[in-house]
Amino acid sequence: MYELTADEIENVVSQNVIPSKRHLGGAVPYAFTDNAVAMLSSVLNSKKAIEVNIAIMRTFTMLRKMLLMQKDFMQEIEKIRKHLSEHDNQFLMIFEYLKQVEESRQQQIDQANRKRIGFE
């Protein structure tokens with residue numbers, strides 16, 4: 001269990017977990033970790049407490065899965081970004097090669113069309 005900071009309280013209010021800071025009556029709220037919730041379930045034996053505990057534990061499990069999925073997505077995005085970066089470099093090389101070919105072709109055309117000088 002730990003006290004929430006002012007930023008965390010603001011975040012809780014902004015997500016409509018609680019209606020406003022005034023709702024707290026000036027007290028700083030406490031938050032429980034998933035382990036603390038599991039420990040509370042062994043102390044509290046009412047039916048409502050058990051239902052709430054199960055709901056909270058399912059929420060923590062879902063959050064963990066979401067965080068792992070986000071991590072996997074971020075890794076995939078980074079792989080794609082690196083792959084595209086490599087392709088960008090390859091495209092730049094291709095365009096540079098095409099530019100050189102075009103310049104070479106233009107030199108050949110200029111050479112063929114130049115005014116001839118000398119003895120005829």
# chains A, B, ... in the order shown; residues from 1 in each chain; ligands from 1
$ select_by_dssp --residues "range 4-97 of chain A" --states "helix (DSSP H, G or I)" --output "tab-separated table (two decimals) with C-alpha atoms, in the first residue's frame"
chain	number	residue	atom	x	y	z
A	6	ALA	CA	-0.50	14.89	-6.45
A	7	ASP	CA	-0.01	13.96	-10.12
A	8	GLU	CA	-1.45	10.49	-9.53
A	9	ILE	CA	-4.47	11.98	-7.74
A	10	GLU	CA	-5.00	14.34	-10.67
A	11	ASN	CA	-4.81	11.38	-13.04
A	12	VAL	CA	-7.37	9.43	-11.00
A	13	VAL	CA	-9.72	12.42	-11.03
A	14	SER	CA	-9.25	13.00	-14.77
A	21	LYS	CA	-10.42	16.15	-5.22
A	22	ARG	CA	-13.07	17.52	-2.88
A	23	HIS	CA	-14.56	14.04	-2.79
A	24	LEU	CA	-11.45	12.95	-0.91
A	34	ASP	CA	-1.94	-6.57	-6.87
A	35	ASN	CA	-0.08	-8.49	-4.16
A	36	ALA	CA	-1.67	-6.37	-1.45
A	37	VAL	CA	-5.11	-7.05	-2.88
A	38	ALA	CA	-4.38	-10.78	-2.79
A	39	MET	CA	-3.28	-10.46	0.85
A	40	LEU	CA	-6.44	-8.53	1.73
A	41	SER	CA	-8.59	-11.33	0.35
A	42	SER	CA	-7.19	-13.68	2.98
A	43	VAL	CA	-8.17	-11.21	5.71
A	47	LYS	CA	-18.96	-12.24	0.03
A	48	LYS	CA	-18.69	-8.68	-1.33
A	49	ALA	CA	-14.98	-8.44	-0.43
A	50	ILE	CA	-14.28	-11.71	-2.24
A	51	GLU	CA	-16.18	-10.55	-5.36
A	52	VAL	CA	-14.33	-7.23	-5.38
A	53	ASN	CA	-11.01	-9.03	-4.88
A	54	ILE	CA	-11.69	-11.35	-7.82
A	55	ALA	CA	-12.62	-8.38	-10.04
A	56	ILE	CA	-9.49	-6.48	-9.03
A	57	MET	CA	-7.21	-9.49	-9.60
A	58	ARG	CA	-8.75	-10.04	-13.06
A	59	THR	CA	-8.14	-6.37	-13.82
A	60	PHE	CA	-4.48	-6.62	-12.77
A	61	THR	CA	-4.08	-9.76	-14.91
A	62	MET	CA	-5.63	-8.00	-17.90
A	63	LEU	CA	-3.35	-4.97	-17.39
A	64	ARG	CA	-0.28	-7.20	-17.30
A	65	LYS	CA	-1.34	-8.88	-20.54
A	66	MET	CA	-1.97	-5.51	-22.17
A	67	LEU	CA	1.47	-4.25	-21.12
A	68	LEU	CA	3.13	-7.37	-22.52
A	69	MET	CA	1.17	-7.00	-25.77
A	70	GLN	CA	2.18	-3.34	-25.99
A	71	LYS	CA	5.80	-4.32	-25.51
A	72	ASP	CA	5.48	-6.93	-28.28
A	73	PHE	CA	3.81	-4.39	-30.58
A	74	MET	CA	6.55	-1.84	-29.92
A	75	GLN	CA	9.21	-4.44	-30.74
A	76	GLU	CA	7.41	-5.35	-33.98
A	77	ILE	CA	7.07	-1.68	-34.94
A	78	GLU	CA	10.79	-1.17	-34.30
A	79	LYS	CA	11.63	-4.18	-36.50
A	80	ILE	CA	9.45	-2.80	-39.29
A	81	ARG	CA	11.03	0.63	-38.90
A	82	LYS	CA	14.53	-0.85	-39.19
A	83	HIS	CA	13.47	-2.94	-42.17
A	84	LEU	CA	12.01	0.09	-43.93
A	85	SER	CA	15.14	2.08	-43.13
A	86	GLU	CA	17.23	-0.57	-44.86
A	87	HIS	CA	14.87	-0.43	-47.84
A	88	ASP	CA	15.15	3.35	-47.91
A	89	ASN	CA	18.91	3.04	-48.25
A	90	GLN	CA	18.49	0.48	-51.02
A	91	PHE	CA	16.04	2.74	-52.86
A	92	LEU	CA	18.46	5.64	-52.57
A	93	MET	CA	21.20	3.49	-54.09
A	94	ILE	CA	18.89	2.46	-56.94
A	95	PHE	CA	17.94	6.07	-57.64
A	96	GLU	CA	21.59	7.12	-57.56
A	97	TYR	CA	22.43	4.34	-60.03
